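> Before we start, here is the structure in question, set down as structure tokens.
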Amino acid sequence: YEAETFGIVLLEAMQFDLPVVASSWRGIPDIVTDGEEGFLVPIKSPSCVADRLQTLIENPDLRKKMGKKGRQTFETKFTMDVFMNKMQDLFIQVGEKNA
């Protein structure tokens, strides 16, 4: 990605069971699946952001569902343990290829 757009703030929200509303910009769709952990909206579209936030405000069950899905995604893809295990596996693969 051209800039740091991974979206750590999205992971922080997901860690605490909070649904997210974010733009479909660079790395963000790698973190959030539209309609699952929250909503993705087109870039430079404040009215879409407002609409999605209103949807979440008016639907507590949807907020909870998306928040739980976000927490699940965080735990299965983005914890430090997951990162360390993936790095270890990668180093082992590289080592085996070069042995």
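Each chain of the structure tokens is named A, B, ... in the order shown, its residues numbered from 1; ligands are numbered from 1 in display order.
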Name the residues of chain A that come out as strand (DSSP E or B) in a backbone DSSP run; write them as an MDAnalysis selection string.

chainID A and resid 20:23 34 38:41

> Which neighbours of Phe39 in chain A fall inside 9 Å, counting only C-alpha atoms, when residues of the same chain fewer than 4 positions from it are skipped, and could you give them as number ranges by chain?

A: 19-23, 32-35, 49, 52-53

> For the residues in the current selection, export all heavy atoms as a PDB file, in the first residue's frame.


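Contents of selection-v3.pdb, freshly written:
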ATOM      1  N   PRO A  19     -18.680  -2.760  16.175  1.00  0.00           N
ATOM      2  CA  PRO A  19     -18.753  -2.785  14.716  1.00  0.00           C
ATOM      3  C   PRO A  19     -18.052  -1.561  14.149  1.00  0.00           C
ATOM      4  O   PRO A  19     -17.899  -0.551  14.839  1.00  0.00           O
ATOM      5  CB  PRO A  19     -20.254  -2.733  14.440  1.00  0.00           C
ATOM      6  CG  PRO A  19     -20.820  -2.014  15.607  1.00  0.00           C
ATOM      7  CD  PRO A  19     -19.964  -2.406  16.783  1.00  0.00           C
ATOM      8  N   VAL A  20     -17.613  -1.659  12.911  1.00  0.00           N
ATOM      9  CA  VAL A  20     -16.886  -0.546  12.308  1.00  0.00           C
ATOM     10  C   VAL A  20     -17.574  -0.064  11.037  1.00  0.00           C
ATOM     11  O   VAL A  20     -18.288  -0.815  10.373  1.00  0.00           O
ATOM     12  CB  VAL A  20     -15.420  -0.931  11.988  1.00  0.00           C
ATOM     13  CG1 VAL A  20     -14.669  -1.279  13.254  1.00  0.00           C
ATOM     14  CG2 VAL A  20     -15.351  -2.081  11.016  1.00  0.00           C
ATOM     15  N   VAL A  21     -17.371   1.191  10.743  1.00  0.00           N
ATOM     16  CA  VAL A  21     -17.776   1.783   9.468  1.00  0.00           C
ATOM     17  C   VAL A  21     -16.509   2.427   8.919  1.00  0.00           C
ATOM     18  O   VAL A  21     -15.917   3.294   9.565  1.00  0.00           O
ATOM     19  CB  VAL A  21     -18.890   2.832   9.646  1.00  0.00           C
ATOM     20  CG1 VAL A  21     -19.217   3.487   8.308  1.00  0.00           C
ATOM     21  CG2 VAL A  21     -20.134   2.211  10.268  1.00  0.00           C
ATOM     22  N   ALA A  22     -16.090   1.957   7.755  1.00  0.00           N
ATOM     23  CA  ALA A  22     -14.834   2.434   7.180  1.00  0.00           C
ATOM     24  C   ALA A  22     -14.965   2.513   5.671  1.00  0.00           C
ATOM     25  O   ALA A  22     -15.843   1.898   5.070  1.00  0.00           O
ATOM     26  CB  ALA A  22     -13.696   1.484   7.558  1.00  0.00           C
ATOM     27  N   SER A  23     -14.058   3.261   5.068  1.00  0.00           N
ATOM     28  CA  SER A  23     -14.081   3.382   3.611  1.00  0.00           C
ATOM     29  C   SER A  23     -13.375   2.191   2.973  1.00  0.00           C
ATOM     30  O   SER A  23     -12.512   1.561   3.567  1.00  0.00           O
ATOM     31  CB  SER A  23     -13.420   4.688   3.177  1.00  0.00           C
ATOM     32  OG  SER A  23     -12.076   4.723   3.611  1.00  0.00           O
ATOM     33  N   VAL A  32     -11.856  -5.662   7.076  1.00  0.00           N
ATOM     34  CA  VAL A  32     -13.308  -5.635   7.281  1.00  0.00           C
ATOM     35  C   VAL A  32     -14.016  -6.182   6.047  1.00  0.00           C
ATOM     36  O   VAL A  32     -13.742  -5.740   4.928  1.00  0.00           O
ATOM     37  CB  VAL A  32     -13.797  -4.191   7.542  1.00  0.00           C
ATOM     38  CG1 VAL A  32     -15.307  -4.148   7.694  1.00  0.00           C
ATOM     39  CG2 VAL A  32     -13.115  -3.604   8.764  1.00  0.00           C
ATOM     40  N   THR A  33     -14.917  -7.117   6.260  1.00  0.00           N
ATOM     41  CA  THR A  33     -15.780  -7.599   5.200  1.00  0.00           C
ATOM     42  C   THR A  33     -17.116  -6.881   5.334  1.00  0.00           C
ATOM     43  O   THR A  33     -17.741  -6.931   6.405  1.00  0.00           O
ATOM     44  CB  THR A  33     -15.987  -9.124   5.308  1.00  0.00           C
ATOM     45  OG1 THR A  33     -14.709  -9.759   5.232  1.00  0.00           O
ATOM     46  CG2 THR A  33     -16.882  -9.633   4.199  1.00  0.00           C
ATOM     47  N   ASP A  34     -17.530  -6.201   4.279  1.00  0.00           N
ATOM     48  CA  ASP A  34     -18.767  -5.432   4.320  1.00  0.00           C
ATOM     49  C   ASP A  34     -19.945  -6.309   4.746  1.00  0.00           C
ATOM     50  O   ASP A  34     -20.159  -7.392   4.192  1.00  0.00           O
ATOM     51  CB  ASP A  34     -19.047  -4.821   2.951  1.00  0.00           C
ATOM     52  CG  ASP A  34     -20.241  -3.874   2.970  1.00  0.00           C
ATOM     53  OD1 ASP A  34     -20.348  -3.073   3.916  1.00  0.00           O
ATOM     54  OD2 ASP A  34     -21.061  -3.951   2.049  1.00  0.00           O
ATOM     55  N   GLY A  35     -20.672  -5.849   5.751  1.00  0.00           N
ATOM     56  CA  GLY A  35     -21.837  -6.578   6.234  1.00  0.00           C
ATOM     57  C   GLY A  35     -21.508  -7.630   7.273  1.00  0.00           C
ATOM     58  O   GLY A  35     -22.416  -8.250   7.823  1.00  0.00           O
ATOM     59  N   VAL A  49     -21.372   7.163   5.057  1.00  0.00           N
ATOM     60  CA  VAL A  49     -20.919   6.929   6.439  1.00  0.00           C
ATOM     61  C   VAL A  49     -22.060   7.238   7.394  1.00  0.00           C
ATOM     62  O   VAL A  49     -22.375   6.439   8.287  1.00  0.00           O
ATOM     63  CB  VAL A  49     -19.678   7.787   6.776  1.00  0.00           C
ATOM     64  CG1 VAL A  49     -19.331   7.677   8.258  1.00  0.00           C
ATOM     65  CG2 VAL A  49     -18.489   7.380   5.923  1.00  0.00           C
ATOM     66  N   ARG A  52     -24.788   4.532   7.289  1.00  0.00           N
ATOM     67  CA  ARG A  52     -24.391   3.286   7.958  1.00  0.00           C
ATOM     68  C   ARG A  52     -24.337   3.461   9.474  1.00  0.00           C
ATOM     69  O   ARG A  52     -24.720   2.558  10.221  1.00  0.00           O
ATOM     70  CB  ARG A  52     -23.055   2.785   7.423  1.00  0.00           C
ATOM     71  CG  ARG A  52     -23.115   2.341   5.982  1.00  0.00           C
ATOM     72  CD  ARG A  52     -24.185   1.298   5.786  1.00  0.00           C
ATOM     73  NE  ARG A  52     -24.058   0.658   4.484  1.00  0.00           N
ATOM     74  CZ  ARG A  52     -24.860  -0.278   4.045  1.00  0.00           C
ATOM     75  NH1 ARG A  52     -25.858  -0.694   4.781  1.00  0.00           N
ATOM     76  NH2 ARG A  52     -24.674  -0.802   2.869  1.00  0.00           N
ATOM     77  N   LEU A  53     -23.864   4.603   9.922  1.00  0.00           N
ATOM     78  CA  LEU A  53     -23.875   4.865  11.369  1.00  0.00           C
ATOM     79  C   LEU A  53     -25.310   4.907  11.895  1.00  0.00           C
ATOM     80  O   LEU A  53     -25.603   4.351  12.966  1.00  0.00           O
ATOM     81  CB  LEU A  53     -23.144   6.175  11.681  1.00  0.00           C
ATOM     82  CG  LEU A  53     -21.635   6.146  11.514  1.00  0.00           C
ATOM     83  CD1 LEU A  53     -21.058   7.551  11.675  1.00  0.00           C
ATOM     84  CD2 LEU A  53     -20.976   5.174  12.479  1.00  0.00           C
TER      85      LEU A  53
END

> Which polymer residues have any atom within 8 Å of an atom of Gln15 in chain A, counting only C-alpha atoms, with same-chain residues fewer than 6 positions away left out, as a list in words?

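So the residues in contact are Gly70, Arg71, Phe74 and Glu75 of chain A.
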
> I need the chosen residues saved as a PDB file, in the first residue's frame, with all heavy atoms.


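Output contents, as saved in result00.pdb:
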ATOM      1  N   GLY A  70     -16.673  -9.141  14.582  1.00  0.00           N
ATOM      2  CA  GLY A  70     -15.399  -8.428  14.578  1.00  0.00           C
ATOM      3  C   GLY A  70     -14.431  -8.994  15.606  1.00  0.00           C
ATOM      4  O   GLY A  70     -13.243  -9.170  15.325  1.00  0.00           O
ATOM      5  N   ARG A  71     -14.935  -9.286  16.783  1.00  0.00           N
ATOM      6  CA  ARG A  71     -14.091  -9.878  17.825  1.00  0.00           C
ATOM      7  C   ARG A  71     -13.574 -11.245  17.374  1.00  0.00           C
ATOM      8  O   ARG A  71     -12.394 -11.567  17.557  1.00  0.00           O
ATOM      9  CB  ARG A  71     -14.876 -10.004  19.136  1.00  0.00           C
ATOM     10  CG  ARG A  71     -14.160 -10.709  20.248  1.00  0.00           C
ATOM     11  CD  ARG A  71     -12.943  -9.946  20.722  1.00  0.00           C
ATOM     12  NE  ARG A  71     -12.222 -10.743  21.699  1.00  0.00           N
ATOM     13  CZ  ARG A  71     -11.326 -10.272  22.509  1.00  0.00           C
ATOM     14  NH1 ARG A  71     -11.013  -8.988  22.487  1.00  0.00           N
ATOM     15  NH2 ARG A  71     -10.712 -11.058  23.346  1.00  0.00           N
ATOM     16  N   PHE A  74     -10.898 -10.701  14.813  1.00  0.00           N
ATOM     17  CA  PHE A  74      -9.692 -10.234  15.498  1.00  0.00           C
ATOM     18  C   PHE A  74      -8.948 -11.414  16.118  1.00  0.00           C
ATOM     19  O   PHE A  74      -7.739 -11.555  15.955  1.00  0.00           O
ATOM     20  CB  PHE A  74     -10.053  -9.204  16.571  1.00  0.00           C
ATOM     21  CG  PHE A  74      -8.889  -8.835  17.445  1.00  0.00           C
ATOM     22  CD1 PHE A  74      -7.942  -7.934  17.002  1.00  0.00           C
ATOM     23  CD2 PHE A  74      -8.736  -9.406  18.703  1.00  0.00           C
ATOM     24  CE1 PHE A  74      -6.850  -7.609  17.802  1.00  0.00           C
ATOM     25  CE2 PHE A  74      -7.656  -9.083  19.502  1.00  0.00           C
ATOM     26  CZ  PHE A  74      -6.704  -8.190  19.046  1.00  0.00           C
ATOM     27  N   GLU A  75      -9.681 -12.263  16.837  1.00  0.00           N
ATOM     28  CA  GLU A  75      -9.047 -13.385  17.541  1.00  0.00           C
ATOM     29  C   GLU A  75      -8.461 -14.424  16.584  1.00  0.00           C
ATOM     30  O   GLU A  75      -7.454 -15.049  16.908  1.00  0.00           O
ATOM     31  CB  GLU A  75     -10.044 -14.041  18.481  1.00  0.00           C
ATOM     32  CG  GLU A  75     -10.375 -13.183  19.684  1.00  0.00           C
ATOM     33  CD  GLU A  75     -11.431 -13.785  20.592  1.00  0.00           C
ATOM     34  OE1 GLU A  75     -12.127 -14.742  20.188  1.00  0.00           O
ATOM     35  OE2 GLU A  75     -11.555 -13.295  21.721  1.00  0.00           O
TER      36      GLU A  75
END

> Between CA of Leu18 in chain A and CA of Phe78 in chain A, what is the spacing in Å?

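For CA of Phe78 in chain A relative to CA of Leu18 in chain A, the distance reads 15.2 Å.
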
> Nearest to Asp30 in chain A among A:Ala13, A:Leu62, A:Ile8, A:Lys86, with distances taken over only C-alpha atoms: which residue is it?

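Of A:Ala13, A:Leu62, A:Ile8, A:Lys86, the one nearest Asp30 in chain A, counting only C-alpha atoms, is A:Ile8.
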
> Between A:Val9, A:Gln93, A:Glu36, A:Asn98, which is the closest to Lys64 in chain A once you count only C-alpha atoms?

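The shortest atom-to-atom distance to Lys64 in chain A comes from A:Glu36.
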
> By how many Å are CA of Val41 in chain A and CA of Gly67 in chain A apart?

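Computed distance, CA of Val41 in chain A to CA of Gly67 in chain A, equals 17.5 Å.
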
> Between CA of Ile92 in chain A and CA of Gln72 in chain A, what distance in Å does the model show, to one decimal?

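So the two atoms, CA of Ile92 in chain A and CA of Gln72 in chain A, lie 27.2 Å apart.
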
> Between A:Ser24, A:Gln54, A:Thr79, A:Asn85, which has the minimum distance to Phe6 in chain A (counting only C-alpha atoms)?

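Closest to Phe6 in chain A, using only C-alpha atoms: A:Ser24.
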
> In chain A, what's alpha helix (DSSP H) per DSSP? Answer as a ChimeraX atom specification?

/A:8-15,46-58,60-73,80-97
